2 protein chains.
Amino acid sequence: MAKYNGPTRFPDLPVKGPTGNELIQVERAKASFDVKSLSKFIYGERYLQKLDKIVPILESEPAFDKSRRYFQGRDEKIRDAWKKDRRFLELAKEHNWDPEDEKIVHGLYDQPSPYRLHYIMFIPTLEGQSNDEQRKLFLEPAKRDEIIGCYAQTELGHGSNIRGLETTATYIPETNEFEIHSPYLSSAKWWIGALGRTANYAIIMARLIIHGVEYGPHTFCAQIRSLEDHTPLPGLIIGDIGPKMGYNTVDNGFMMFDHFRIPHISMLAKYAQVKPGSGEYVKPVNSKLSYGGMVHVRASIVSETGRALARSSTVAVRYAAVRRQFYDATTPRKWGDETIETSVIDYTMVQYRLLPVIANAYALMFTGKEMLRLYHLNIEAMKQGNFGILADLHATSSGLKSLTSFMAVEGIEECRRSCGGHGYSMFSGLGHFYNDYLPTMTVEGDNNMIYQQTSRYLLKTYRDVVAGTAQPSEHNLTLTYLAQYMQNPKAKCPAATATEFLNPEVILTAFGFRAAAGIAKVAEQIDNQGRSWNDALVDLHRISRAHCQYFIVRTFFVALQHATDEGLGMAERKVLQTVASLFALHLMEKDLSDFVLCNYLSPEQLDMIKQQVQELLKIIRPDAVALVDAFAIPDYMLNSALGRYDGNAYVALTKMAEQEPLNQTQVVDAYETSIKPMREYALKIRKDLSKL
Amino acid sequence: MAKYNGPTRFPDLPVKGPTGNELIQVERAKASFDVKSLSKFIYGERYLQKLDKIVPILESEPAFDKSRRYFQGRDEKIRDAWKKDRRFLELAKEHNWDPEDEKIVHGLYDQPSPYRLHYIMFIPTLEGQSNDEQRKLFLEPAKRDEIIGCYAQTELGHGSNIRGLETTATYIPETNEFEIHSPYLSSAKWWIGALGRTANYAIIMARLIIHGVEYGPHTFCAQIRSLEDHTPLPGLIIGDIGPKMGYNTVDNGFMMFDHFRIPHISMLAKYAQVKPGSGEYVKPVNSKLSYGGMVHVRASIVSETGRALARSSTVAVRYAAVRRQFYDATTPRKWGDETIETSVIDYTMVQYRLLPVIANAYALMFTGKEMLRLYHLNIEAMKQGNFGILADLHATSSGLKSLTSFMAVEGIEECRRSCGGHGYSMFSGLGHFYNDYLPTMTVEGDNNMIYQQTSRYLLKTYRDVVAGTAQPSEHNLTLTYLAQYMQNPKAKCPAATATEFLNPEVILTAFGFRAAAGIAKVAEQIDNQGRSWNDALVDLHRISRAHCQYFIVRTFFVALQHATDEGLGMAERKVLQTVASLFALHLMEKDLSDFVLCNYLSPEQLDMIKQQVQELLKIIRPDAVALVDAFAIPDYMLNSALGRYDGNAYVALTKMAEQEPLNQTQVVDAYETSIKPMREYALKIRKDLSKL
């Protein structure tokens, strides 16, 4: 009789002791507030209703199925991504999805797709920089998905330094064309999402040259692949840049131009223009309006960062509630009459690692919202000719992008690690997520560069304050805390007990003082002691960080002040206030030396802060699961065995393992080709040796 | 004429400006010391000679080829791993490799393989716990590779808590057998390397039960798969646990037992025994010797951690030297008469991020060496009945394993990030490496648990010192710094200038004081204020960390004291001394608040430390490339476009991209099935609409 060589299946056995579901229900019963009310406050009812409508649609769509995701190699992954993009267009039509719905769909599906770049980079660039003719020629077909575009800026040898781009666009008066050319290997466009194998149009950033004179980088739009057979147009070398740590569902690509000619209309002409024939260059009207767009993108990044932490802490906190390890001698865990192992979330070390991530998630969600509010406020103000909000907001947004995406990467990874060994399995859902999140640190300004914009602004503001030329404004927080500091640069924190550090006023003053003192010191060094900018980079980073932390802490506290007017119940507000205090004090604890360096806090006060953090963790502990439930992230989105709403993590791990391709037969092919021959080789050697 | 649909190739163009090779040669010319001499001091000549011999062998072996690695999905990866394992056995024979050679081969190949577990877990367990009969039956065939084993301890529901393991081994007197059984789903063995599809034998940890009485976890060895056709034996369910973030070349597996009977001989009987028939349990002779083995494993982890940082910093520093971005206004970079963009390594922020990683690498290499030295010293001492070294060394090794593997993960990731966007490409080599390194945080004691062993020992030692029962010993550093602290718990750091922080004595005293003060405080809280162990976990972690940092800093300084006697030249010693100072002060800077909390450092001294770190970075900068060259890591091992010895990073990126499977045709299959239909759908909708 042939032996069984079919798939491996687990027996139908329960887990030992209470099930994950029983354990997580105990957690939910402990909540001090109403989860649904809090969700509604965060997202609004409309969003939650949309979510309820869309999730079942995606769950039943084969093209949106996630069950194969963790087993796929790159080839299969990207093929599925194209399939999904195709199906998405049909579904969007069928269900009449509006842009908000579409955003929800992409968020839920949670895997970057080639076509996204078309919507988030190609179309917005055309919107912003086309003249009327170009809108008809490029933008309209793009919006109807008849052409698919990408945004080709970064080069092999140049990322952050846009002025250093090497690709040239030379105006040819004879034919009224531009000739796009890559003079060096390092000029190859590189990292361009959707360029590798998808896009048939591209936005191209190139240095404009007219009659031998250089005019710096300008924006062009051109067809790059045949609309008949999709081959690259003559003069172009296009390909995929190869595998990445994540984002492998997108064909990030390269492109080299060999004297590639494009028509005059290709140069996007809303701002700068080249006159046909004469080649006369018409300068762009310098517009501060474009800064607004950047603020919007960065506000989105900050909001997404909040959601990233919400998602990771949902997985980690739920799993920490159902995962039990060791019997705690001091406070034994009881289940009926039985003593059971303690849920790891009851260990203070786990609380110290995880609960601040929940706090960070809430803090950044409020920060994202506030940035969007200021963005809209600013648009209105600019229409009135008031540019007072813009400068502060734009400068702060750079540092916030940098700081918060670092916070997210750290938080996601801390959540993954807190899951112990199983966090390393793809089935945790956090590894995949981490790998796809990583580029946020680099895109829209590398985190390790971009903070300098904030620092530069902070120094300038300081100089204005010193010179008495600063114009006070209710929206300019920087002026507020700088002025306060300068009134008394030798001030000391007045808190005499640990409890006083729960007072938002005390906390905010400390964050403001620390930021101001740092700014004053660097400004002094650069302006009066001849320290160079390069020499000061590390300290410049510290002041950007300090300023942005002040902004986030303040935003969180202020949001809660008005929250009850906006419909938040007392119980929900109370728990959020504790979360806000934890957020602020944990942040302080991590950067304590900054607060000491400026002589604001004493060693005794440091100790109080550390104590207070521990107290807050104890208060928040019973609400931990409810606080992540309130993030309202569906299981379909999490795609995690460990973070399921029902708590049955171990059962889910076995179900997912049954799907592993290697488990579909009892013996793998490689047995015959590799494993068996090794044993035979070993036996043969023994026989050979015994003959000697 | 049919259009070209073949592979994509880059044109033969140079990069702009000086080549990477020219730039890196400039760096090498700056070195203040001899790279080869330093390499020899670190590794010894013998190791370097072996390396020179082995690298060309692997480079020319198809089974050891790395060029497809970054493109492979999991299936292909693991099939290649089995192939490589097979070929390895032949090569080892052919070249007569000794264990040291084999270790070098595995290190160079740098991808975990199913068969490794056989050598590092299965055989050593048999070595340690078999009686004579079992050595013949299991160990000898294992050593001849006739059977392939794995080590089945961890379960789905239990990792760190070994006493909580659920698998039972019930002695059956009637047949003189053990019955291995998995009573629950959570009892499934899980994460077991090489179990999934490779091993035919297993070490199994299970709770021994005799006549209804439990004796806790014991070790068994049993066949689990047919030696004829490799199918799992009846009563076993075996499979692979599915994809992980890394380590996908190993078939980590699960196994469930359904009343699986194994013979009496299966219980490894060197220590505990069960008498045949009667079932009488013979207690193990409690042996402290087994601790020694753990120290050895942990010493290896610390050494590997040093090498991990060596490797990562090699890639990052070389790339930072050849990657140029922005013109630095203060000190413009000249190339002949031309002003060129500045190498990013000349930005102080980059130096601040990367040079400490080099310092960490050196520090941990010396620490690993020192642990091995103490390990051997201890073996000798134990033979004389002297257990004085063991306690301190064993306790410290837990915290060191935890601290250093955290340092490595952070360092690898910092290096990857410092490469900007290209760090995210698999071609950087760092993503692959990071993913495979991650499990070090969990194996051999989860980093977030294991430090408690160190903390427990530190508290015990403190109590001994207070009680006057501590026995002084030259190898017990803990006693030394505790005694020093207790002489004057109100001591202050005497340094009056930044330069005084270059004095090893000043630094070491500070690290010792800070550790002692932390220990004293927690001991006081637990012993006299009723604080529970669980409540103190965060502080217990801090003292373990403080103690281990003291150990590493001291080891580094002491190693340099004797280095010239051991053949290190003056120039090499000088640069290492600067590196050691950077290591120690950067560590201090990151934990400054600890040093303030114990009232040892003043705010002014904090500022001096920060200044001194900046000074040291400037001094080390010209030696940066030479310092990583001295790690002597061959390109074959790095497998990195960015970290190549020749500096030609951008050329290498294009060569690797040419190998991307998506680039082998100009148009991918998915064009017909997905991309083209999207355009057709869009055009159809427009036509439909225009008919309305």
# chains A, B, ... in the order shown; residues from 1 in each chain; ligands from 1
>>> residues_around(residues="Met255 of chain B", least_positions_apart="4", cutoff="10 Å", atoms="only C-alpha atoms", output="mmCIF file with all heavy atoms, in the first residue's frame")
data_model
loop_
_atom_site.group_PDB
_atom_site.id
_atom_site.type_symbol
_atom_site.label_atom_id
_atom_site.label_comp_id
_atom_site.auth_asym_id
_atom_site.auth_seq_id
_atom_site.Cartn_x
_atom_site.Cartn_y
_atom_site.Cartn_z
ATOM 1 N N PHE A 10 -3.419 19.589 10.810
ATOM 2 C CA PHE A 10 -3.358 19.506 12.273
ATOM 3 C C PHE A 10 -4.571 18.756 12.820
ATOM 4 O O PHE A 10 -5.647 18.818 12.219
ATOM 5 C CB PHE A 10 -3.312 20.909 12.884
ATOM 6 C CG PHE A 10 -1.962 21.523 12.796
ATOM 7 C CD1 PHE A 10 -1.587 22.275 11.692
ATOM 8 C CD2 PHE A 10 -1.034 21.321 13.813
ATOM 9 C CE1 PHE A 10 -0.325 22.823 11.597
ATOM 10 C CE2 PHE A 10 0.239 21.874 13.719
ATOM 11 C CZ PHE A 10 0.591 22.625 12.603
ATOM 12 N N ALA B 152 14.204 19.481 19.174
ATOM 13 C CA ALA B 152 12.799 19.871 19.315
ATOM 14 C C ALA B 152 12.459 20.225 20.755
ATOM 15 O O ALA B 152 12.137 19.354 21.553
ATOM 16 C CB ALA B 152 11.894 18.751 18.805
ATOM 17 N N GLU B 155 7.697 25.002 21.891
ATOM 18 C CA GLU B 155 6.365 24.578 21.442
ATOM 19 C C GLU B 155 5.557 25.791 20.999
ATOM 20 O O GLU B 155 5.912 26.935 21.295
ATOM 21 C CB GLU B 155 5.645 23.836 22.575
ATOM 22 C CG GLU B 155 6.341 22.516 22.891
ATOM 23 C CD GLU B 155 5.762 21.771 24.104
ATOM 24 O OE1 GLU B 155 4.824 22.300 24.733
ATOM 25 O OE2 GLU B 155 6.271 20.673 24.390
ATOM 26 N N LEU B 156 4.461 25.528 20.325
ATOM 27 C CA LEU B 156 3.593 26.605 19.844
ATOM 28 C C LEU B 156 3.249 27.565 20.981
ATOM 29 O O LEU B 156 3.286 28.783 20.813
ATOM 30 C CB LEU B 156 2.321 25.975 19.260
ATOM 31 C CG LEU B 156 1.285 26.898 18.629
ATOM 32 C CD1 LEU B 156 1.899 27.808 17.595
ATOM 33 C CD2 LEU B 156 0.168 26.077 17.995
ATOM 34 N N SER B 182 1.308 14.742 22.460
ATOM 35 C CA SER B 182 0.970 16.174 22.459
ATOM 36 C C SER B 182 -0.485 16.294 22.885
ATOM 37 O O SER B 182 -1.376 16.070 22.075
ATOM 38 C CB SER B 182 1.107 16.769 21.061
ATOM 39 O OG SER B 182 2.307 16.379 20.451
ATOM 40 N N SER B 187 0.631 22.228 22.290
ATOM 41 C CA SER B 187 1.800 21.399 22.626
ATOM 42 C C SER B 187 2.675 21.120 21.406
ATOM 43 O O SER B 187 3.768 20.567 21.550
ATOM 44 C CB SER B 187 1.355 20.046 23.188
ATOM 45 O OG SER B 187 0.223 20.144 23.998
ATOM 46 N N ALA B 188 2.180 21.443 20.222
ATOM 47 C CA ALA B 188 2.959 21.163 19.011
ATOM 48 C C ALA B 188 4.368 21.740 19.134
ATOM 49 O O ALA B 188 4.534 22.902 19.501
ATOM 50 C CB ALA B 188 2.265 21.766 17.786
ATOM 51 N N LYS B 189 5.381 20.927 18.862
ATOM 52 C CA LYS B 189 6.735 21.470 18.748
ATOM 53 C C LYS B 189 6.711 22.474 17.600
ATOM 54 O O LYS B 189 6.038 22.239 16.579
ATOM 55 C CB LYS B 189 7.730 20.337 18.461
ATOM 56 C CG LYS B 189 7.909 19.363 19.628
ATOM 57 C CD LYS B 189 8.545 20.060 20.795
ATOM 58 C CE LYS B 189 8.548 19.204 22.050
ATOM 59 N NZ LYS B 189 9.015 19.936 23.247
ATOM 60 N N TRP B 190 7.424 23.566 17.718
ATOM 61 C CA TRP B 190 7.273 24.668 16.749
ATOM 62 C C TRP B 190 8.598 25.421 16.652
ATOM 63 O O TRP B 190 9.277 25.556 17.663
ATOM 64 C CB TRP B 190 6.164 25.615 17.237
ATOM 65 C CG TRP B 190 5.529 26.448 16.149
ATOM 66 C CD1 TRP B 190 5.939 27.673 15.730
ATOM 67 C CD2 TRP B 190 4.372 26.120 15.372
ATOM 68 N NE1 TRP B 190 5.104 28.125 14.727
ATOM 69 C CE2 TRP B 190 4.138 27.194 14.485
ATOM 70 C CE3 TRP B 190 3.525 25.017 15.319
ATOM 71 C CZ2 TRP B 190 3.080 27.202 13.569
ATOM 72 C CZ3 TRP B 190 2.472 25.033 14.409
ATOM 73 C CH2 TRP B 190 2.254 26.109 13.544
ATOM 74 N N TRP B 191 8.948 25.889 15.503
ATOM 75 C CA TRP B 191 10.189 26.642 15.258
ATOM 76 C C TRP B 191 11.417 25.736 15.152
ATOM 77 O O TRP B 191 12.543 26.249 15.063
ATOM 78 C CB TRP B 191 10.482 27.678 16.370
ATOM 79 C CG TRP B 191 9.700 28.920 16.197
ATOM 80 C CD1 TRP B 191 8.660 29.330 16.979
ATOM 81 C CD2 TRP B 191 9.845 29.914 15.180
ATOM 82 N NE1 TRP B 191 8.156 30.511 16.500
ATOM 83 C CE2 TRP B 191 8.864 30.891 15.400
ATOM 84 C CE3 TRP B 191 10.716 30.056 14.087
ATOM 85 C CZ2 TRP B 191 8.721 32.004 14.580
ATOM 86 C CZ3 TRP B 191 10.576 31.166 13.268
ATOM 87 C CH2 TRP B 191 9.584 32.121 13.532
ATOM 88 N N ILE B 192 11.236 24.436 15.135
ATOM 89 C CA ILE B 192 12.380 23.538 15.204
ATOM 90 C C ILE B 192 13.124 23.525 13.866
ATOM 91 O O ILE B 192 12.598 23.037 12.863
ATOM 92 C CB ILE B 192 11.919 22.104 15.560
ATOM 93 C CG1 ILE B 192 10.900 22.135 16.714
ATOM 94 C CG2 ILE B 192 13.128 21.235 15.865
ATOM 95 C CD1 ILE B 192 11.342 22.877 17.953
ATOM 96 N N LEU B 195 13.482 20.571 11.087
ATOM 97 C CA LEU B 195 12.448 19.546 11.328
ATOM 98 C C LEU B 195 11.443 19.478 10.184
ATOM 99 O O LEU B 195 10.989 18.410 9.795
ATOM 100 C CB LEU B 195 11.712 19.855 12.643
ATOM 101 C CG LEU B 195 10.429 19.062 12.929
ATOM 102 C CD1 LEU B 195 10.731 17.559 13.028
ATOM 103 C CD2 LEU B 195 9.774 19.536 14.224
ATOM 104 N N GLY B 196 11.119 20.608 9.613
ATOM 105 C CA GLY B 196 10.037 20.714 8.641
ATOM 106 C C GLY B 196 10.095 19.654 7.555
ATOM 107 O O GLY B 196 9.124 18.914 7.342
ATOM 108 N N ILE B 224 12.373 9.958 13.572
ATOM 109 C CA ILE B 224 11.050 10.539 13.296
ATOM 110 C C ILE B 224 10.587 10.335 11.853
ATOM 111 O O ILE B 224 9.417 10.493 11.544
ATOM 112 C CB ILE B 224 11.019 12.052 13.614
ATOM 113 C CG1 ILE B 224 12.127 12.793 12.859
ATOM 114 C CG2 ILE B 224 11.151 12.294 15.123
ATOM 115 C CD1 ILE B 224 11.990 14.295 12.881
ATOM 116 N N PRO B 232 7.115 10.697 7.459
ATOM 117 C CA PRO B 232 7.066 10.736 8.930
ATOM 118 C C PRO B 232 6.604 9.393 9.477
ATOM 119 O O PRO B 232 5.758 8.728 8.861
ATOM 120 C CB PRO B 232 6.017 11.816 9.216
ATOM 121 C CG PRO B 232 5.952 12.651 7.992
ATOM 122 C CD PRO B 232 6.248 11.731 6.855
ATOM 123 N N LEU B 236 3.084 10.588 14.019
ATOM 124 C CA LEU B 236 3.700 11.922 13.967
ATOM 125 C C LEU B 236 3.050 12.778 12.880
ATOM 126 O O LEU B 236 2.776 12.284 11.786
ATOM 127 C CB LEU B 236 5.193 11.810 13.666
ATOM 128 C CG LEU B 236 6.059 11.058 14.677
ATOM 129 C CD1 LEU B 236 7.511 11.027 14.207
ATOM 130 C CD2 LEU B 236 5.960 11.714 16.054
ATOM 131 N N ILE B 237 2.821 14.015 13.190
ATOM 132 C CA ILE B 237 2.439 14.993 12.166
ATOM 133 C C ILE B 237 3.581 16.000 12.104
ATOM 134 O O ILE B 237 3.917 16.618 13.105
ATOM 135 C CB ILE B 237 1.129 15.699 12.538
ATOM 136 C CG1 ILE B 237 -0.005 14.665 12.598
ATOM 137 C CG2 ILE B 237 0.804 16.803 11.543
ATOM 138 C CD1 ILE B 237 -1.327 15.259 13.060
ATOM 139 N N ILE B 238 4.208 16.116 10.944
ATOM 140 C CA ILE B 238 5.388 16.985 10.813
ATOM 141 C C ILE B 238 5.222 17.910 9.624
ATOM 142 O O ILE B 238 4.743 17.482 8.561
ATOM 143 C CB ILE B 238 6.674 16.151 10.607
ATOM 144 C CG1 ILE B 238 6.774 15.015 11.636
ATOM 145 C CG2 ILE B 238 7.907 17.043 10.700
ATOM 146 C CD1 ILE B 238 8.050 14.192 11.520
ATOM 147 N N GLY B 239 5.611 19.136 9.785
ATOM 148 C CA GLY B 239 5.563 20.064 8.654
ATOM 149 C C GLY B 239 6.428 21.285 8.897
ATOM 150 O O GLY B 239 7.061 21.427 9.946
ATOM 151 N N ASP B 240 6.414 22.167 7.903
ATOM 152 C CA ASP B 240 7.186 23.412 7.966
ATOM 153 C C ASP B 240 6.270 24.506 8.521
ATOM 154 O O ASP B 240 5.091 24.571 8.165
ATOM 155 C CB ASP B 240 7.649 23.746 6.544
ATOM 156 C CG ASP B 240 8.516 24.982 6.479
ATOM 157 O OD1 ASP B 240 7.966 26.105 6.544
ATOM 158 O OD2 ASP B 240 9.735 24.833 6.355
ATOM 159 N N ILE B 241 6.806 25.384 9.379
ATOM 160 C CA ILE B 241 5.926 26.392 10.004
ATOM 161 C C ILE B 241 5.628 27.580 9.099
ATOM 162 O O ILE B 241 4.904 28.491 9.486
ATOM 163 C CB ILE B 241 6.489 26.923 11.343
ATOM 164 C CG1 ILE B 241 7.808 27.663 11.130
ATOM 165 C CG2 ILE B 241 6.646 25.800 12.366
ATOM 166 C CD1 ILE B 241 8.152 28.591 12.272
#
>>> residues_around(residues="Asp594 of chain A", least_positions_apart="3", cutoff="10 Å", atoms="only C-alpha atoms", output="PDB file with N, CA and C atoms, in the first residue's frame")
ATOM      1  N   PHE A 511       8.880  71.133  27.721  1.00  0.00           N
ATOM      2  CA  PHE A 511       9.230  70.855  26.325  1.00  0.00           C
ATOM      3  C   PHE A 511       9.609  72.153  25.605  1.00  0.00           C
ATOM      4  N   ARG A 514      13.091  73.405  26.863  1.00  0.00           N
ATOM      5  CA  ARG A 514      14.173  72.558  26.338  1.00  0.00           C
ATOM      6  C   ARG A 514      14.438  72.860  24.864  1.00  0.00           C
ATOM      7  N   ALA A 515      13.357  73.066  24.078  1.00  0.00           N
ATOM      8  CA  ALA A 515      13.547  73.385  22.666  1.00  0.00           C
ATOM      9  C   ALA A 515      14.238  74.749  22.530  1.00  0.00           C
ATOM     10  N   ALA A 517      16.054  76.473  24.678  1.00  0.00           N
ATOM     11  CA  ALA A 517      17.430  76.498  25.159  1.00  0.00           C
ATOM     12  C   ALA A 517      18.370  75.892  24.117  1.00  0.00           C
ATOM     13  N   GLY A 518      17.928  74.821  23.491  1.00  0.00           N
ATOM     14  CA  GLY A 518      18.744  74.174  22.461  1.00  0.00           C
ATOM     15  C   GLY A 518      18.954  75.105  21.271  1.00  0.00           C
ATOM     16  N   ARG A 542      18.984  67.812  16.936  1.00  0.00           N
ATOM     17  CA  ARG A 542      18.367  67.805  18.275  1.00  0.00           C
ATOM     18  C   ARG A 542      17.326  68.900  18.419  1.00  0.00           C
ATOM     19  N   ILE A 543      17.598  70.068  17.856  1.00  0.00           N
ATOM     20  CA  ILE A 543      16.605  71.146  18.047  1.00  0.00           C
ATOM     21  C   ILE A 543      15.363  70.904  17.192  1.00  0.00           C
ATOM     22  N   ALA A 546      13.402  68.444  19.156  1.00  0.00           N
ATOM     23  CA  ALA A 546      12.808  69.040  20.354  1.00  0.00           C
ATOM     24  C   ALA A 546      11.588  69.884  19.986  1.00  0.00           C
ATOM     25  N   MET A 588       9.689  62.346  27.295  1.00  0.00           N
ATOM     26  CA  MET A 588      10.650  63.058  28.143  1.00  0.00           C
ATOM     27  C   MET A 588      11.678  62.095  28.707  1.00  0.00           C
ATOM     28  N   GLU A 589      11.190  60.950  29.168  1.00  0.00           N
ATOM     29  CA  GLU A 589      12.085  59.980  29.801  1.00  0.00           C
ATOM     30  C   GLU A 589      13.162  59.532  28.815  1.00  0.00           C
ATOM     31  N   LYS A 590      12.769  59.376  27.565  1.00  0.00           N
ATOM     32  CA  LYS A 590      13.738  58.902  26.582  1.00  0.00           C
ATOM     33  C   LYS A 590      14.785  59.958  26.248  1.00  0.00           C
ATOM     34  N   ASP A 591      14.444  61.218  26.422  1.00  0.00           N
ATOM     35  CA  ASP A 591      15.379  62.304  26.089  1.00  0.00           C
ATOM     36  C   ASP A 591      15.804  63.095  27.316  1.00  0.00           C
ATOM     37  N   LEU A 597      20.675  68.958  30.430  1.00  0.00           N
ATOM     38  CA  LEU A 597      21.725  69.788  29.829  1.00  0.00           C
ATOM     39  C   LEU A 597      21.386  71.262  29.910  1.00  0.00           C
ATOM     40  N   CYS A 598      20.112  71.591  29.786  1.00  0.00           N
ATOM     41  CA  CYS A 598      19.733  73.002  29.826  1.00  0.00           C
ATOM     42  C   CYS A 598      19.406  73.429  31.261  1.00  0.00           C
ATOM     43  N   ASN A 599      19.770  72.566  32.213  1.00  0.00           N
ATOM     44  CA  ASN A 599      19.620  72.919  33.631  1.00  0.00           C
ATOM     45  C   ASN A 599      18.185  73.154  34.060  1.00  0.00           C
ATOM     46  N   TYR A 600      17.244  72.569  33.327  1.00  0.00           N
ATOM     47  CA  TYR A 600      15.840  72.821  33.663  1.00  0.00           C
ATOM     48  C   TYR A 600      15.309  71.814  34.682  1.00  0.00           C
ATOM     49  N   LEU A 601      15.756  70.561  34.552  1.00  0.00           N
ATOM     50  CA  LEU A 601      15.290  69.526  35.473  1.00  0.00           C
ATOM     51  C   LEU A 601      16.419  69.098  36.400  1.00  0.00           C
TER      52      LEU A 601
ATOM     53  N   LEU B 592      23.062  59.127  29.026  1.00  0.00           N
ATOM     54  CA  LEU B 592      23.484  60.172  29.958  1.00  0.00           C
ATOM     55  C   LEU B 592      22.595  60.300  31.190  1.00  0.00           C
ATOM     56  N   SER B 593      21.292  60.127  30.994  1.00  0.00           N
ATOM     57  CA  SER B 593      20.396  60.388  32.117  1.00  0.00           C
ATOM     58  C   SER B 593      20.683  59.442  33.284  1.00  0.00           C
ATOM     59  N   PRO B 603      25.540  68.724  34.709  1.00  0.00           N
ATOM     60  CA  PRO B 603      25.158  69.153  33.365  1.00  0.00           C
ATOM     61  C   PRO B 603      26.361  69.638  32.559  1.00  0.00           C
ATOM     62  N   LEU B 606      28.109  66.678  31.154  1.00  0.00           N
ATOM     63  CA  LEU B 606      27.372  66.102  30.032  1.00  0.00           C
ATOM     64  C   LEU B 606      27.791  66.804  28.742  1.00  0.00           C
TER      65      LEU B 606
END
>>> residues_around(residues="Glu228 of chain A", least_positions_apart="4", cutoff="12 Å", atoms="only C-alpha atoms", output="count of residues only")
12
>>> atom_distance(atom1="atom CA of Lys244 of chain B", atom2="atom CA of Lys655 of chain A")
15.7 Å
>>> closest_residue(among="A:Asn435, A:Asn21, A:Asn488, A:Gln612", to="Gly643 of chain A", atoms="only C-alpha atoms")
A:Asn21
>>> select_by_dssp(residues="segment 263-448 of chain A", states="strand (DSSP E or B)", output="list in words")
Pro263, Met267, Gln273, Val274, Tyr281, Val282, Arg324, Arg333, Lys334, Trp335, Glu338, Thr339, Ile340, Ser343 and Ser425 of chain A
>>> residues_around(residues="Ala308 of chain B", least_positions_apart="6", cutoff="10 Å", atoms="only C-alpha atoms", output="PyMOL selection string")
chain B and resi 302+314+361+364-365+405+408-409+411-412+433-434+437
>>> residues_around(residues="segment 323-329 of chain A", least_positions_apart="2", cutoff="6 Å", atoms="only C-alpha atoms", output="PyMOL selection string")
(chain A and resi 319-321+331-332+341-344) or (chain B and resi 161)
>>> residues_around(residues="segment 551-564 of chain B", least_positions_apart="6", cutoff="7 Å", atoms="only C-alpha atoms", output="list in words")
Ala363, Phe366, Thr367, Pro504, Leu508, Arg573, Ala580 and Ala584 of chain B
>>> atom_distance(atom1="atom CA of Glu413 of chain A", atom2="atom CA of Arg68 of chain A")
23.4 Å
>>> residues_around(residues="Val274 of chain A", least_positions_apart="4", cutoff="10 Å", atoms="only C-alpha atoms", output="NGL selection string")
:A and (171 or 176 or 208 or 210 or 264-265 or 267-269 or 278-283)
>>> select_by_dssp(residues="segment 496-650 of chain A", states="alpha helix (DSSP H)", output="JSON, numbers by chain")
{"A": [504, 505, 506, 507, 508, 509, 510, 511, 512, 513, 514, 515, 516, 517, 518, 519, 520, 521, 522, 523, 524, 525, 526, 527, 528, 537, 538, 539, 540, 541, 542, 543, 544, 545, 546, 547, 548, 549, 550, 551, 552, 553, 554, 555, 556, 557, 558, 559, 560, 561, 570, 571, 572, 573, 574, 575, 576, 577, 578, 579, 580, 581, 582, 583, 584, 585, 586, 587, 588, 589, 590, 592, 593, 594, 595, 596, 597, 603, 604, 605, 606, 607, 608, 609, 610, 611, 612, 613, 614, 615, 616, 617, 618, 619, 620, 624, 625, 626, 627, 628, 629, 635, 636, 637, 638, 649, 650]}
>>> closest_residue(among="A:His475, A:Lys490, A:His259, A:Arg9", to="chain B", atoms="only C-alpha atoms")
A:Arg9
>>> closest_residue(among="B:Arg86, B:Lys30, B:Arg311, B:Arg463", to="chain A", atoms="only C-alpha atoms")
B:Arg86
>>> closest_residue(among="A:Met656, A:Leu165, A:Ala536, A:Ala630", to="Gly216 of chain A", atoms="only C-alpha atoms")
A:Leu165
>>> atom_distance(atom1="atom CA of Val105 of chain A", atom2="atom CA of Ala649 of chain A")
25.4 Å
>>> decode(residues="segment 605-612 of chain B", atoms="C-alpha atoms", output="short mmCIF file (atom, residue, chain, number, x, y, z; two decimals), in the first residue's frame")
data_model
loop_
_atom_site.label_atom_id
_atom_site.label_comp_id
_atom_site.auth_asym_id
_atom_site.auth_seq_id
_atom_site.Cartn_x
_atom_site.Cartn_y
_atom_site.Cartn_z
CA GLN B 605 30.15 67.38 32.28
CA LEU B 606 27.37 66.10 30.03
CA ASP B 607 28.22 68.89 27.68
CA MET B 608 31.93 67.98 27.79
CA ILE B 609 31.12 64.40 26.85
CA LYS B 610 29.04 65.50 23.90
CA GLN B 611 31.86 67.79 22.75
CA GLN B 612 34.46 65.07 23.18
#
